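my_file.pdb, holding PDB, C-alpha atoms, pLDDT in the B column:
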ATOM      1  CA  MET A   1     -62.880 -40.975-208.451  1.00 68.00           C
ATOM      2  CA  SER A   2     -60.272 -40.840-205.818  1.00 82.00           C
ATOM      3  CA  ARG A   3     -60.981 -40.421-202.133  1.00 87.00           C
ATOM      4  CA  ILE A   4     -60.462 -36.994-200.467  1.00 84.00           C
ATOM      5  CA  LYS A   5     -59.294 -36.937-196.843  1.00 84.00           C
ATOM      6  CA  LYS A   6     -61.226 -34.810-194.404  1.00 80.00           C
ATOM      7  CA  SER A   7     -59.262 -31.853-193.214  1.00 74.00           C
ATOM      8  CA  ARG A   8     -59.547 -30.150-189.876  1.00 73.00           C
ATOM      9  CA  THR A   9     -59.418 -26.742-191.347  1.00 68.00           C
ATOM     10  CA  ALA A  10     -62.718 -25.079-191.886  1.00 60.00           C
ATOM     11  CA  GLY A  11     -64.043 -25.029-195.326  1.00 61.00           C
ATOM     12  CA  ASN A  12     -65.812 -22.255-197.011  1.00 64.00           C
ATOM     13  CA  SER A  13     -69.040 -22.977-195.140  1.00 66.00           C
ATOM     14  CA  GLU A  14     -67.708 -22.397-191.564  1.00 66.00           C
ATOM     15  CA  PRO A  15     -65.613 -19.523-190.277  1.00 65.00           C
ATOM     16  CA  ALA A  16     -62.081 -20.401-189.270  1.00 67.00           C
ATOM     17  CA  PHE A  17     -61.416 -20.982-185.496  1.00 67.00           C
ATOM     18  CA  ASN A  18     -59.288 -18.161-184.155  1.00 73.00           C
ATOM     19  CA  GLY A  19     -58.710 -19.632-180.633  1.00 70.00           C
ATOM     20  CA  ASN A  20     -61.190 -17.434-178.738  1.00 69.00           C
ATOM     21  CA  ARG A  21     -64.208 -18.989-177.120  1.00 63.00           C
ATOM     22  CA  LYS A  22     -67.579 -17.367-177.333  1.00 71.00           C
ATOM     23  CA  GLU A  23     -68.279 -18.349-173.748  1.00 70.00           C
ATOM     24  CA  THR A  24     -68.093 -15.669-171.019  1.00 79.00           C
ATOM     25  CA  SER A  25     -66.011 -16.214-167.915  1.00 82.00           C
ATOM     26  CA  ALA A  26     -69.124 -16.349-165.702  1.00 86.00           C
ATOM     27  CA  SER A  27     -70.739 -19.080-167.755  1.00 87.00           C
ATOM     28  CA  ALA A  28     -67.442 -20.972-167.849  1.00 87.00           C
ATOM     29  CA  LYS A  29     -67.265 -20.814-164.046  1.00 90.00           C
ATOM     30  CA  GLU A  30     -70.799 -22.123-163.739  1.00 92.00           C
ATOM     31  CA  ALA A  31     -70.007 -24.970-166.110  1.00 90.00           C
ATOM     32  CA  ARG A  32     -66.947 -25.938-164.051  1.00 91.00           C
ATOM     33  CA  GLU A  33     -69.027 -25.870-160.839  1.00 92.00           C
ATOM     34  CA  ARG A  34     -71.679 -28.133-162.408  1.00 90.00           C
ATOM     35  CA  LYS A  35     -69.001 -30.538-163.562  1.00 90.00           C
ATOM     36  CA  ARG A  36     -67.389 -30.610-160.104  1.00 88.00           C
ATOM     37  CA  LYS A  37     -70.725 -31.268-158.408  1.00 85.00           C
ATOM     38  CA  ALA A  38     -71.513 -34.049-160.846  1.00 84.00           C
ATOM     39  CA  LYS A  39     -68.196 -35.707-159.988  1.00 83.00           C
ATOM     40  CA  LEU A  40     -68.705 -35.462-156.205  1.00 78.00           C
ATOM     41  CA  LYS A  41     -71.930 -37.403-155.871  1.00 74.00           C
ATOM     42  CA  GLY A  42     -72.244 -39.824-152.960  1.00 71.00           C
ATOM     43  CA  ASN A  43     -70.646 -39.946-149.554  1.00 67.00           C
ATOM     44  CA  LYS A  44     -67.011 -39.316-148.881  1.00 66.00           C
ATOM     45  CA  ALA A  45     -64.802 -42.283-148.160  1.00 70.00           C
ATOM     46  CA  GLY A  46     -64.856 -43.307-144.516  1.00 68.00           C
ATOM     47  CA  ALA A  47     -67.913 -41.245-143.621  1.00 66.00           C
ATOM     48  CA  ARG A  48     -68.868 -43.601-140.785  1.00 69.00           C
ATOM     49  CA  ASN A  49     -65.470 -43.281-139.198  1.00 66.00           C
ATOM     50  CA  VAL A  50     -65.523 -39.493-139.410  1.00 70.00           C
ATOM     51  CA  LEU A  51     -68.840 -39.288-137.544  1.00 70.00           C
ATOM     52  CA  GLU A  52     -67.642 -41.655-134.830  1.00 73.00           C
ATOM     53  CA  SER A  53     -64.407 -39.746-134.344  1.00 75.00           C
ATOM     54  CA  LYS A  54     -66.315 -36.457-133.900  1.00 77.00           C
ATOM     55  CA  GLN A  55     -68.496 -38.040-131.225  1.00 78.00           C
ATOM     56  CA  THR A  56     -65.535 -39.476-129.369  1.00 82.00           C
ATOM     57  CA  GLN A  57     -63.783 -36.091-129.479  1.00 81.00           C
ATOM     58  CA  LYS A  58     -66.795 -34.480-127.801  1.00 82.00           C
ATOM     59  CA  GLN A  59     -66.864 -37.190-125.138  1.00 81.00           C
ATOM     60  CA  ASN A  60     -63.134 -36.840-124.530  1.00 78.00           C
ATOM     61  CA  ALA A  61     -63.517 -33.079-124.145  1.00 77.00           C
ATOM     62  CA  LYS A  62     -66.214 -33.585-121.506  1.00 76.00           C
ATOM     63  CA  LYS A  63     -64.049 -36.086-119.659  1.00 75.00           C
ATOM     64  CA  ALA A  64     -61.079 -33.712-119.751  1.00 70.00           C
ATOM     65  CA  ILE A  65     -63.130 -30.965-118.164  1.00 72.00           C
ATOM     66  CA  ASN A  66     -64.254 -33.232-115.326  1.00 71.00           C
ATOM     67  CA  ASP A  67     -60.914 -34.974-114.884  1.00 64.00           C
ATOM     68  CA  LYS A  68     -59.749 -34.627-111.269  1.00 67.00           C
ATOM     69  CA  ARG A  69     -56.239 -35.866-112.021  1.00 67.00           C
ATOM     70  CA  VAL A  70     -55.241 -32.673-113.721  1.00 66.00           C
ATOM     71  CA  GLY A  71     -52.883 -30.909-111.398  1.00 72.00           C
ATOM     72  CA  SER A  72     -51.723 -27.373-110.868  1.00 74.00           C
ATOM     73  CA  LYS A  73     -51.176 -25.080-113.814  1.00 75.00           C
ATOM     74  CA  LYS A  74     -48.185 -23.552-112.078  1.00 80.00           C
ATOM     75  CA  ALA A  75     -45.014 -23.775-114.151  1.00 82.00           C
ATOM     76  CA  VAL A  76     -42.355 -26.121-112.826  1.00 79.00           C
ATOM     77  CA  SER A  77     -38.719 -25.341-113.534  1.00 79.00           C
ATOM     78  CA  LEU A  78     -36.913 -28.309-115.020  1.00 82.00           C
ATOM     79  CA  ALA A  79     -33.437 -26.990-114.292  1.00 80.00           C
ATOM     80  CA  GLY A  80     -31.633 -27.727-111.051  1.00 69.00           C
ATOM     81  CA  GLN A  81     -31.792 -24.112-109.937  1.00 65.00           C
ATOM     82  CA  GLU A  82     -34.438 -23.202-107.493  1.00 59.00           C
ATOM     83  CA  GLU A  83     -35.925 -19.825-108.082  1.00 58.00           C
ATOM     84  CA  VAL A  84     -37.741 -18.166-105.297  1.00 61.00           C
ATOM     85  CA  GLN A  85     -40.840 -16.587-106.663  1.00 65.00           C
ATOM     86  CA  VAL A  86     -41.839 -13.414-104.962  1.00 66.00           C
ATOM     87  CA  GLU A  87     -45.542 -12.883-104.934  1.00 73.00           C
ATOM     88  CA  ALA A  88     -46.724  -9.406-105.664  1.00 71.00           C
ATOM     89  CA  PRO A  89     -48.113  -7.765-102.546  1.00 70.00           C
ATOM     90  CA  ARG A  90     -51.845  -7.793-102.567  1.00 73.00           C
ATOM     91  CA  LYS A  91     -53.593  -4.491-102.612  1.00 74.00           C
ATOM     92  CA  LEU A  92     -55.648  -3.807 -99.579  1.00 74.00           C
ATOM     93  CA  LEU A  93     -59.064  -3.013-100.828  1.00 75.00           C
ATOM     94  CA  GLN A  94     -61.069  -0.417 -99.052  1.00 76.00           C
ATOM     95  CA  PRO A  95     -64.607  -1.487 -98.288  1.00 76.00           C
ATOM     96  CA  LYS A  96     -67.033   0.170-100.608  1.00 78.00           C
ATOM     97  CA  ALA A  97     -69.658   2.356 -99.084  1.00 78.00           C
ATOM     98  CA  LYS A  98     -73.177   1.159 -99.628  1.00 81.00           C
ATOM     99  CA  VAL A  99     -75.271   3.364-101.817  1.00 80.00           C
ATOM    100  CA  ILE A 100     -78.489   4.263-100.111  1.00 82.00           C
ATOM    101  CA  LYS A 101     -81.262   5.184-102.435  1.00 81.00           C
ATOM    102  CA  SER A 102     -83.217   8.032-101.017  1.00 78.00           C
ATOM    103  CA  THR A 103     -86.362   9.407-102.451  1.00 76.00           C
ATOM    104  CA  VAL A 104     -85.982  12.961-103.600  1.00 70.00           C
ATOM    105  CA  GLU A 105     -89.155  14.860-103.025  1.00 71.00           C
ATOM    106  CA  LYS A 106     -89.973  17.420-105.619  1.00 73.00           C
ATOM    107  CA  LYS A 107     -90.316  20.879-104.211  1.00 81.00           C
ATOM    108  CA  ILE A 108     -93.695  22.308-105.055  1.00 85.00           C
ATOM    109  CA  SER A 109     -95.153  25.534-103.872  1.00 86.00           C
ATOM    110  CA  PRO A 110     -97.309  25.483-100.723  1.00 85.00           C
ATOM    111  CA  GLU A 111    -100.312  26.716-102.728  1.00 89.00           C
ATOM    112  CA  LYS A 112    -100.073  23.785-105.134  1.00 90.00           C
ATOM    113  CA  GLU A 113     -99.591  21.290-102.308  1.00 90.00           C
ATOM    114  CA  LEU A 114    -102.585  22.731-100.450  1.00 89.00           C
ATOM    115  CA  ASN A 115    -104.650  22.530-103.628  1.00 91.00           C
ATOM    116  CA  GLN A 116    -103.629  18.892-104.102  1.00 91.00           C
ATOM    117  CA  ILE A 117    -104.652  18.015-100.547  1.00 91.00           C
ATOM    118  CA  GLU A 118    -108.007  19.758-100.886  1.00 90.00           C
ATOM    119  CA  ASN A 119    -108.742  18.054-104.221  1.00 92.00           C
ATOM    120  CA  ASP A 120    -107.595  14.582-103.120  1.00 93.00           C
ATOM    121  CA  GLN A 121    -110.492  12.212-103.870  1.00 93.00           C
ATOM    122  CA  ARG A 122    -109.351   9.544-101.401  1.00 92.00           C
ATOM    123  CA  LEU A 123    -109.128  12.079 -98.582  1.00 92.00           C
ATOM    124  CA  ASN A 124    -112.552  13.490 -99.427  1.00 92.00           C
ATOM    125  CA  ASP A 125    -114.114  10.007 -99.463  1.00 93.00           C
ATOM    126  CA  LEU A 126    -112.557   9.090 -96.117  1.00 93.00           C
ATOM    127  CA  LEU A 127    -113.634  12.394 -94.520  1.00 91.00           C
ATOM    128  CA  GLU A 128    -117.170  11.823 -95.800  1.00 92.00           C
ATOM    129  CA  GLN A 129    -117.175   8.338 -94.249  1.00 92.00           C
ATOM    130  CA  LEU A 130    -116.016   9.809 -90.940  1.00 90.00           C
ATOM    131  CA  ASP A 131    -118.732  12.489 -91.099  1.00 90.00           C
ATOM    132  CA  ASN A 132    -121.366   9.791 -91.656  1.00 92.00           C
ATOM    133  CA  GLY A 133    -120.165   7.937 -88.550  1.00 90.00           C
ATOM    134  CA  GLU A 134    -118.648   5.003 -90.439  1.00 91.00           C
ATOM    135  CA  GLU A 135    -115.461   3.380 -89.184  1.00 90.00           C
ATOM    136  CA  ILE A 136    -112.327   3.334 -91.306  1.00 90.00           C
ATOM    137  CA  SER A 137    -109.183   1.226 -90.948  1.00 92.00           C
ATOM    138  CA  ALA A 138    -106.323   2.301 -88.700  1.00 92.00           C
ATOM    139  CA  ILE A 139    -104.017   2.816 -91.687  1.00 93.00           C
ATOM    140  CA  ASP A 140    -106.568   5.052 -93.411  1.00 93.00           C
ATOM    141  CA  ASN A 141    -107.189   6.920 -90.161  1.00 92.00           C
ATOM    142  CA  SER A 142    -103.479   7.634 -89.650  1.00 94.00           C
ATOM    143  CA  TRP A 143    -103.196   8.770 -93.290  1.00 94.00           C
ATOM    144  CA  VAL A 144    -106.160  11.135 -92.863  1.00 93.00           C
ATOM    145  CA  ASP A 145    -104.625  12.553 -89.670  1.00 94.00           C
ATOM    146  CA  LYS A 146    -101.305  13.108 -91.436  1.00 94.00           C
ATOM    147  CA  GLN A 147    -102.980  14.831 -94.393  1.00 94.00           C
ATOM    148  CA  MET A 148    -105.081  17.052 -92.139  1.00 92.00           C
ATOM    149  CA  ALA A 149    -102.008  18.014 -90.085  1.00 94.00           C
ATOM    150  CA  ARG A 150    -100.167  18.929 -93.280  1.00 91.00           C
ATOM    151  CA  HIS A 151    -103.218  20.939 -94.413  1.00 91.00           C
ATOM    152  CA  GLN A 152    -103.196  22.891 -91.142  1.00 90.00           C
ATOM    153  CA  GLN A 153     -99.450  23.461 -91.422  1.00 90.00           C
ATOM    154  CA  LEU A 154     -99.770  24.803 -94.970  1.00 89.00           C
ATOM    155  CA  MET A 155    -102.672  27.069 -94.005  1.00 88.00           C
ATOM    156  CA  GLU A 156    -100.581  28.561 -91.180  1.00 87.00           C
ATOM    157  CA  GLN A 157     -97.548  28.887 -93.449  1.00 87.00           C
ATOM    158  CA  LEU A 158     -99.563  30.807 -96.026  1.00 85.00           C
ATOM    159  CA  GLY A 159    -101.214  32.930 -93.347  1.00 82.00           C
ATOM    160  CA  TRP A 160    -104.714  31.907 -94.396  1.00 75.00           C
ATOM    161  CA  LEU A 161    -105.616  30.507 -91.006  1.00 71.00           C
ATOM    162  CA  ASP A 162    -106.428  32.627 -87.985  1.00 61.00           C
ATOM    163  CA  ASP A 163    -106.201  30.989 -84.585  1.00 59.00           C
ATOM    164  CA  ASP A 164    -109.218  32.798 -83.207  1.00 57.00           C
ATOM    165  CA  GLY A 165    -111.258  32.753 -86.420  1.00 56.00           C
ATOM    166  CA  GLU A 166    -114.130  30.605 -85.151  1.00 61.00           C
ATOM    167  CA  GLU A 167    -114.495  32.539 -81.889  1.00 68.00           C
ATOM    168  CA  ASP A 168    -114.657  35.851 -83.790  1.00 72.00           C
ATOM    169  CA  LEU A 169    -117.392  34.515 -86.018  1.00 71.00           C
ATOM    170  CA  ILE A 170    -119.432  33.359 -83.028  1.00 76.00           C
ATOM    171  CA  GLN A 171    -118.977  36.730 -81.330  1.00 77.00           C
ATOM    172  CA  GLN A 172    -119.979  38.573 -84.506  1.00 76.00           C
ATOM    173  CA  PHE A 173    -123.054  36.386 -84.841  1.00 74.00           C
ATOM    174  CA  GLU A 174    -124.071  37.010 -81.234  1.00 77.00           C
ATOM    175  CA  ALA A 175    -123.425  40.750 -81.651  1.00 75.00           C
ATOM    176  CA  ALA A 176    -125.548  40.811 -84.782  1.00 72.00           C
ATOM    177  CA  SER A 177    -128.367  38.968 -83.055  1.00 70.00           C
ATOM    178  CA  SER A 178    -128.241  41.453 -80.151  1.00 67.00           C
ATOM    179  CA  ALA A 179    -128.297  44.303 -82.658  1.00 65.00           C
ATOM    180  CA  LEU A 180    -131.383  42.774 -84.240  1.00 64.00           C
ATOM    181  CA  ASP A 181    -133.024  42.536 -80.833  1.00 68.00           C
ATOM    182  CA  GLU A 182    -132.600  46.290 -80.409  1.00 67.00           C
ATOM    183  CA  PHE A 183    -134.633  46.995 -83.529  1.00 67.00           C
ATOM    184  CA  LYS A 184    -137.565  44.819 -82.446  1.00 60.00           C
TER     185      LYS A 184
END

Serialized structure, structure tokens:
Amino acid sequence: MSRIKKSRTAGNSEPAFNGNRKETSASAKEARERKRKAKLKGNKAGARNVLESKQTQKQNAKKAINDKRVGSKKAVSLAGQEEVQVEAPRKLLQPKAKVIKSTVEKKISPEKELNQIENDQRLNDLLEQLDNGEEISAIDNSWVDKQMARHQQLMEQLGWLDDDGEEDLIQQFEAASSALDEFK
């Protein structure tokens, strides 16, 4: 029997190759990336020199910053003509006024302010200490005086305070006691 050469054309058992790959473009890209990474194993050529050159560049940059020999950045004309540069007149700056922060007191009604003073726990405690004969500090004493003066001022402003109120009460009490004496 004579020998039969193998042919590259597909036989009856395999479908004929039509030139299209079954592979998708994404998988082809991944395959190329894997192949590229497999090729690039190891260090690049001259890796030691690259590291040293980066370090020297950093050192040179530091030296350049601190270099005192660097002169003026003013442009120098290389031509023989001398140009007179006119400087722009400087603007005279007006001094800025200082901003003074002032506390803005909220306006509250005299009734509310009077109520706050009367219900102030610190003031009540200090007045109780004074009534018991205890001594309080000079700062506390001045604060109590200021609060009491404000209380008096508010009472007068609201018209709730009579100047002769205590004397009238004493006179009424004495008059009532004399009236009681008449009935005895």

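CA of Ser142 (chain A) to CA of Arg122 (chain A) spans 13.3 Å [interatomic distance, one decimal].
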
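Shell of region 114-119 of chain A at 12 Å, with all atoms listed in the file counted and residues fewer than 3 places along the chain excluded, is Ile108, Ser109, Pro110, Glu111, Arg122, Leu123, Asn124, Asp125, Leu127, Trp143, Val144, Lys146, Gln147, Met148, Ala149, Arg150, His151, Gln152, Gln153, Leu154, Met155, Glu156, Gln157, Leu158 and Trp160 of chain A.
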
Filtering to C-alpha atoms, could you give me those residues as a compact mmCIF listing (two decimals), in the frame of the given file?
# COMPACT_ATOMS: atom_id res chain seq x y z
CA ILE A 108 -93.70 22.31 -105.06
CA SER A 109 -95.15 25.53 -103.87
CA PRO A 110 -97.31 25.48 -100.72
CA GLU A 111 -100.31 26.72 -102.73
CA ARG A 122 -109.35 9.54 -101.40
CA LEU A 123 -109.13 12.08 -98.58
CA ASN A 124 -112.55 13.49 -99.43
CA ASP A 125 -114.11 10.01 -99.46
CA LEU A 127 -113.63 12.39 -94.52
CA TRP A 143 -103.20 8.77 -93.29
CA VAL A 144 -106.16 11.14 -92.86
CA LYS A 146 -101.30 13.11 -91.44
CA GLN A 147 -102.98 14.83 -94.39
CA MET A 148 -105.08 17.05 -92.14
CA ALA A 149 -102.01 18.01 -90.08
CA ARG A 150 -100.17 18.93 -93.28
CA HIS A 151 -103.22 20.94 -94.41
CA GLN A 152 -103.20 22.89 -91.14
CA GLN A 153 -99.45 23.46 -91.42
CA LEU A 154 -99.77 24.80 -94.97
CA MET A 155 -102.67 27.07 -94.00
CA GLU A 156 -100.58 28.56 -91.18
CA GLN A 157 -97.55 28.89 -93.45
CA LEU A 158 -99.56 30.81 -96.03
CA TRP A 160 -104.71 31.91 -94.40

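Here CA of Asn132 (chain A) stands at a distance of 17.1 Å from CA of Asp145 (chain A).
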
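Here CA of Ala138 (chain A) is placed at a distance of 18.6 Å from CA of Gln121 (chain A).
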